[in-house]
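Peer 1: Input: one structure, supplied below.
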Amino acid sequence: MQIPPNLDSFDWRLLEALQQDASLTNGALAEKVGLSASQISRRRQRLEQDGTIRGYRALIEPSAVGLGITVFIHVALNTHSRDNARRFRDLVRLTPAILEAHALTGEADYLLKVAVGDLKELSRFINEILMPHESVARLRSEIALETLKEPGLLPLPGP
C-alpha cells in the first residue's frame, strides 16, 4: 500500500481518533494526538478541504427507525451506453432507500444496498421503482439475515 506523502504522523493519529469518535472536540483530539487544539483545528480544516475527511455522520440503528430489512440488489442494465448509465445513476442519487451503490465487474453492473421496513415495502421498491426504470434489464435481490459487521473503520496504515 502506498502511503500518501502529504500526511504526517500527527495527521494519521488525528484521522484514527476521528474514526473512533468524530464528536470529539479539538481539545480532546489535541490530548489524543499530542498537539494543541489550534493545531488540531488547522489540520482538521486542511483534511476537510483536501477531501481526506469527507464529512461526519451519526450512525443510526436501522431497526430503531423502522428500517429493519437490509437487501442487496444486483442490477444489470439493459444497454451499456453513457446515457443509460447516467439515467441509472440519477435514479440511485434520487432514491433515499438506496444506502450504497457500487459499479461492478462481472455479471451484474451494479450492487445496491437498500434499507426497507418490511417485505411489502421491498416488493413495492423492486416492482414500482427499480424494475420499471428504463435503464434496468434485470435484478437479483438477496435479503440479509444478519449483519456480522457494519461499515467500520478504515484500516489506516499510518506513517
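Quick note on naming: the chains in the C-alpha cells go A, B, ... in the order shown, residues restart at 1 in each chain, and ligands are numbered from 1 in order of appearance.
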Report as a PyMOL selection string all protein, DNA and RNA residues lying within 12 Å of Leu7 of chain A, evaluated on only C-alpha atoms, omitting residues in the same chain fewer than 5 positions from it.
Peer 2: chain A and resi 2+12-15+43-44+46-47+50+52+156-159
Peer 1: Could you give me the residues within segment 30-150 of chain A that DSSP places in strand (DSSP E or B), as a count of residues only?
Peer 2: 30
Peer 1: Closest to Gln39 of chain A among A:Asp11, A:Ala17, A:Leu148, A:Val65, using only C-alpha atoms?
Peer 2: A:Asp11
Peer 1: Would you kindly return, as a PDB file with all heavy atoms, in the first residue's frame, each protein, DNA or RNA residue with an atom no farther than 6 Å from any atom of segment 131-141 of chain A, considering only C-alpha atoms and excluding same-chain residues fewer than 3 positions away?
Peer 2:
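Wrote it out as around33.pdb, contents follow:
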```pdb
ATOM      1  N   PHE A  72     -29.541  -6.583  -0.599  1.00  0.00           N
ATOM      2  CA  PHE A  72     -28.518  -6.324  -1.608  1.00  0.00           C
ATOM      3  C   PHE A  72     -29.129  -6.688  -2.949  1.00  0.00           C
ATOM      4  O   PHE A  72     -29.674  -7.779  -3.112  1.00  0.00           O
ATOM      5  CB  PHE A  72     -27.259  -7.141  -1.326  1.00  0.00           C
ATOM      6  CG  PHE A  72     -26.597  -6.716  -0.045  1.00  0.00           C
ATOM      7  CD1 PHE A  72     -26.918  -7.336   1.151  1.00  0.00           C
ATOM      8  CD2 PHE A  72     -25.701  -5.672  -0.029  1.00  0.00           C
ATOM      9  CE1 PHE A  72     -26.333  -6.931   2.339  1.00  0.00           C
ATOM     10  CE2 PHE A  72     -25.114  -5.250   1.147  1.00  0.00           C
ATOM     11  CZ  PHE A  72     -25.429  -5.884   2.340  1.00  0.00           C
ATOM     12  N   ILE A  73     -29.071  -5.760  -3.871  1.00  0.00           N
ATOM     13  CA  ILE A  73     -29.705  -5.959  -5.178  1.00  0.00           C
ATOM     14  C   ILE A  73     -28.658  -5.812  -6.275  1.00  0.00           C
ATOM     15  O   ILE A  73     -27.997  -4.774  -6.382  1.00  0.00           O
ATOM     16  CB  ILE A  73     -30.853  -4.952  -5.398  1.00  0.00           C
ATOM     17  CG1 ILE A  73     -31.900  -5.094  -4.289  1.00  0.00           C
ATOM     18  CG2 ILE A  73     -31.481  -5.160  -6.784  1.00  0.00           C
ATOM     19  CD1 ILE A  73     -33.018  -4.074  -4.347  1.00  0.00           C
ATOM     20  N   HIS A  74     -28.506  -6.871  -7.049  1.00  0.00           N
ATOM     21  CA  HIS A  74     -27.617  -6.860  -8.206  1.00  0.00           C
ATOM     22  C   HIS A  74     -28.435  -6.361  -9.392  1.00  0.00           C
ATOM     23  O   HIS A  74     -29.515  -6.888  -9.663  1.00  0.00           O
ATOM     24  CB  HIS A  74     -27.093  -8.271  -8.497  1.00  0.00           C
ATOM     25  CG  HIS A  74     -26.313  -8.857  -7.364  1.00  0.00           C
ATOM     26  ND1 HIS A  74     -24.943  -8.874  -7.341  1.00  0.00           N
ATOM     27  CD2 HIS A  74     -26.725  -9.424  -6.207  1.00  0.00           C
ATOM     28  CE1 HIS A  74     -24.536  -9.441  -6.220  1.00  0.00           C
ATOM     29  NE2 HIS A  74     -25.603  -9.783  -5.509  1.00  0.00           N
ATOM     30  N   VAL A  75     -27.917  -5.369 -10.093  1.00  0.00           N
ATOM     31  CA  VAL A  75     -28.640  -4.750 -11.201  1.00  0.00           C
ATOM     32  C   VAL A  75     -27.840  -4.908 -12.482  1.00  0.00           C
ATOM     33  O   VAL A  75     -26.643  -4.575 -12.523  1.00  0.00           O
ATOM     34  CB  VAL A  75     -28.886  -3.246 -10.943  1.00  0.00           C
ATOM     35  CG1 VAL A  75     -29.627  -2.608 -12.102  1.00  0.00           C
ATOM     36  CG2 VAL A  75     -29.633  -3.036  -9.632  1.00  0.00           C
ATOM     37  N   ALA A  76     -28.500  -5.397 -13.519  1.00  0.00           N
ATOM     38  CA  ALA A  76     -27.919  -5.426 -14.861  1.00  0.00           C
ATOM     39  C   ALA A  76     -28.664  -4.392 -15.703  1.00  0.00           C
ATOM     40  O   ALA A  76     -29.900  -4.365 -15.711  1.00  0.00           O
ATOM     41  CB  ALA A  76     -28.051  -6.814 -15.480  1.00  0.00           C
ATOM     42  N   LEU A  77     -27.910  -3.545 -16.378  1.00  0.00           N
ATOM     43  CA  LEU A  77     -28.522  -2.531 -17.231  1.00  0.00           C
ATOM     44  C   LEU A  77     -28.918  -3.135 -18.565  1.00  0.00           C
ATOM     45  O   LEU A  77     -28.312  -4.101 -19.027  1.00  0.00           O
ATOM     46  CB  LEU A  77     -27.559  -1.366 -17.448  1.00  0.00           C
ATOM     47  CG  LEU A  77     -27.127  -0.601 -16.201  1.00  0.00           C
ATOM     48  CD1 LEU A  77     -26.258   0.593 -16.596  1.00  0.00           C
ATOM     49  CD2 LEU A  77     -28.315  -0.155 -15.378  1.00  0.00           C
ATOM     50  N   ASN A  78     -29.914  -2.508 -19.204  1.00  0.00           N
ATOM     51  CA  ASN A  78     -30.367  -3.052 -20.482  1.00  0.00           C
ATOM     52  C   ASN A  78     -29.428  -2.719 -21.632  1.00  0.00           C
ATOM     53  O   ASN A  78     -29.346  -3.463 -22.584  1.00  0.00           O
ATOM     54  CB  ASN A  78     -31.815  -2.658 -20.791  1.00  0.00           C
ATOM     55  CG  ASN A  78     -32.001  -1.169 -20.882  1.00  0.00           C
ATOM     56  OD1 ASN A  78     -31.052  -0.412 -21.059  1.00  0.00           O
ATOM     57  ND2 ASN A  78     -33.233  -0.733 -20.757  1.00  0.00           N
ATOM     58  N   ASN A  84     -27.570   5.679 -20.678  1.00  0.00           N
ATOM     59  CA  ASN A  84     -28.275   4.720 -19.826  1.00  0.00           C
ATOM     60  C   ASN A  84     -27.640   4.675 -18.433  1.00  0.00           C
ATOM     61  O   ASN A  84     -28.349   4.647 -17.430  1.00  0.00           O
ATOM     62  CB  ASN A  84     -28.269   3.333 -20.468  1.00  0.00           C
ATOM     63  CG  ASN A  84     -29.378   2.473 -19.929  1.00  0.00           C
ATOM     64  OD1 ASN A  84     -30.506   2.926 -19.770  1.00  0.00           O
ATOM     65  ND2 ASN A  84     -29.060   1.222 -19.645  1.00  0.00           N
ATOM     66  N   PHE A  88     -29.439   5.658 -14.813  1.00  0.00           N
ATOM     67  CA  PHE A  88     -29.437   4.796 -13.634  1.00  0.00           C
ATOM     68  C   PHE A  88     -28.795   5.509 -12.444  1.00  0.00           C
ATOM     69  O   PHE A  88     -29.308   5.462 -11.327  1.00  0.00           O
ATOM     70  CB  PHE A  88     -28.716   3.471 -13.919  1.00  0.00           C
ATOM     71  CG  PHE A  88     -28.761   2.549 -12.749  1.00  0.00           C
ATOM     72  CD1 PHE A  88     -29.933   1.898 -12.399  1.00  0.00           C
ATOM     73  CD2 PHE A  88     -27.634   2.359 -11.962  1.00  0.00           C
ATOM     74  CE1 PHE A  88     -29.984   1.069 -11.288  1.00  0.00           C
ATOM     75  CE2 PHE A  88     -27.682   1.536 -10.855  1.00  0.00           C
ATOM     76  CZ  PHE A  88     -28.858   0.879 -10.523  1.00  0.00           C
ATOM     77  N   ILE A 126     -38.938  -2.795  -5.518  1.00  0.00           N
ATOM     78  CA  ILE A 126     -38.462  -3.526  -6.702  1.00  0.00           C
ATOM     79  C   ILE A 126     -39.425  -3.374  -7.874  1.00  0.00           C
ATOM     80  O   ILE A 126     -39.012  -3.065  -8.995  1.00  0.00           O
ATOM     81  CB  ILE A 126     -38.238  -5.014  -6.358  1.00  0.00           C
ATOM     82  CG1 ILE A 126     -36.999  -5.151  -5.463  1.00  0.00           C
ATOM     83  CG2 ILE A 126     -38.101  -5.855  -7.626  1.00  0.00           C
ATOM     84  CD1 ILE A 126     -36.772  -6.544  -4.915  1.00  0.00           C
ATOM     85  N   ASN A 127     -40.725  -3.575  -7.612  1.00  0.00           N
ATOM     86  CA  ASN A 127     -41.703  -3.615  -8.704  1.00  0.00           C
ATOM     87  C   ASN A 127     -42.177  -2.258  -9.196  1.00  0.00           C
ATOM     88  O   ASN A 127     -42.651  -2.150 -10.330  1.00  0.00           O
ATOM     89  CB  ASN A 127     -42.902  -4.464  -8.284  1.00  0.00           C
ATOM     90  CG  ASN A 127     -42.517  -5.910  -8.130  1.00  0.00           C
ATOM     91  OD1 ASN A 127     -41.847  -6.479  -8.972  1.00  0.00           O
ATOM     92  ND2 ASN A 127     -42.913  -6.509  -7.012  1.00  0.00           N
TER      93      ASN A 127
END
```
Peer 1: Just how far from atom CA of Phe10 of chain A is atom CA of Leu35 of chain A, in Å to one decimal?
Peer 2: 7.9 Å
Peer 1: Pick the closest to Glu100 of chain A from A:Ala30, A:Val71, A:Ala85, A:Leu122: which is it, counting only C-alpha atoms?
Peer 2: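 Ranking A:Ala30, A:Val71, A:Ala85, A:Leu122 by distance to Glu100 of chain A, first place goes to A:Val71.
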Peer 1: For Gly68 of chain A, which of A:Asn26, A:Thr95, A:Asn6, A:Thr147 is the closest residue, counting only C-alpha atoms?
Peer 2: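 Checking each of A:Asn26, A:Thr95, A:Asn6, A:Thr147 against Gly68 of chain A, counting only C-alpha atoms, the winner is A:Thr147.
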Peer 1: Taking only segment 8-152 of chain A into account, list the residues labelled helix (DSSP H, G or I) by DSSP (computed from the backbone), as a PyMOL selection string.
Peer 2: chain A and resi 9-20+26-33+37-49+62-65+82-94+119-130
Peer 1: Next, the residues of the selection above should be written as a short mmCIF file (atom, residue, chain, number, x, y, z; two decimals), in the first residue's frame with C-alpha atoms.
Peer 2:
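Ended up saving to out-v2.cif:
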```
data_model
loop_
_atom_site.label_atom_id
_atom_site.label_comp_id
_atom_site.auth_asym_id
_atom_site.auth_seq_id
_atom_site.Cartn_x
_atom_site.Cartn_y
_atom_site.Cartn_z
CA SER A 9 2.19 11.00 11.83
CA PHE A 10 0.01 13.65 13.51
CA ASP A 11 -2.45 13.54 10.59
CA TRP A 12 -2.66 9.74 10.87
CA ARG A 13 -3.31 9.92 14.62
CA LEU A 14 -5.93 12.62 14.06
CA LEU A 15 -7.69 10.54 11.40
CA GLU A 16 -7.64 7.46 13.63
CA ALA A 17 -9.08 9.42 16.57
CA LEU A 18 -11.82 10.93 14.40
CA GLN A 19 -12.76 7.50 13.04
CA GLN A 20 -13.14 6.29 16.61
CA ASN A 26 -10.46 19.89 19.17
CA GLY A 27 -9.28 19.97 22.79
CA ALA A 28 -9.98 16.26 23.31
CA LEU A 29 -8.37 15.45 19.96
CA ALA A 30 -5.32 17.53 20.94
CA GLU A 31 -4.83 15.34 24.02
CA LYS A 32 -5.08 12.13 21.97
CA VAL A 33 -2.83 13.34 19.13
CA ALA A 37 -6.23 22.49 19.95
CA SER A 38 -5.42 25.24 17.42
CA GLN A 39 -3.04 22.92 15.54
CA ILE A 40 -5.74 20.23 15.51
CA SER A 41 -8.24 22.76 14.18
CA ARG A 42 -5.93 23.77 11.32
CA ARG A 43 -5.08 20.17 10.43
CA ARG A 44 -8.72 19.11 10.59
CA GLN A 45 -9.72 22.00 8.33
CA ARG A 46 -6.96 21.11 5.83
CA LEU A 47 -8.03 17.45 5.81
CA GLU A 48 -11.65 18.51 5.21
CA GLN A 49 -10.72 20.94 2.44
CA PRO A 62 -31.93 0.99 11.20
CA SER A 63 -34.44 -1.08 13.15
CA ALA A 64 -34.91 1.78 15.64
CA VAL A 65 -36.32 3.90 12.80
CA ARG A 82 -23.25 6.60 -21.31
CA ASP A 83 -26.85 7.91 -21.32
CA ASN A 84 -28.28 4.72 -19.83
CA ALA A 85 -25.64 4.70 -17.08
CA ARG A 86 -26.42 8.36 -16.35
CA ARG A 87 -30.15 7.60 -16.08
CA PHE A 88 -29.44 4.80 -13.63
CA ARG A 89 -27.04 6.93 -11.59
CA ASP A 90 -29.72 9.64 -11.41
CA LEU A 91 -32.22 7.08 -10.10
CA VAL A 92 -29.72 5.95 -7.46
CA ARG A 93 -28.91 9.50 -6.40
CA LEU A 94 -32.60 10.43 -6.02
CA LEU A 119 -41.19 -7.30 2.63
CA LYS A 120 -44.19 -5.40 1.29
CA GLU A 121 -42.07 -2.26 1.05
CA LEU A 122 -39.29 -4.26 -0.64
CA SER A 123 -41.78 -5.60 -3.17
CA ARG A 124 -43.01 -2.07 -3.92
CA PHE A 125 -39.44 -0.81 -4.23
CA ILE A 126 -38.46 -3.53 -6.70
CA ASN A 127 -41.70 -3.62 -8.70
CA GLU A 128 -42.55 0.09 -8.78
CA ILE A 129 -39.17 1.83 -8.73
CA LEU A 130 -36.37 -0.41 -10.00
#
```
Peer 1: Using only C-alpha atoms for the distances, tell me which of A:Ser23, A:Leu59, A:His80, A:Pro151 is nearest to Ala108 of chain A.
Peer 2: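 Ranking A:Ser23, A:Leu59, A:His80, A:Pro151 by distance to Ala108 of chain A, first place goes to A:His80.
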Peer 1: Expressed in Å to a single decimal, how great is the separation between atom CA of Tyr110 of chain A and atom CA of Ile60 of chain A?
Peer 2: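 So the answer is 25.1 Å.
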Peer 1: A:Lys149, A:Ala103, A:Ala22, A:Leu111: which is nearest Ile53 of chain A, counting only C-alpha atoms?
Peer 2: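 Under the stated criterion, the closest residue is A:Ala22.
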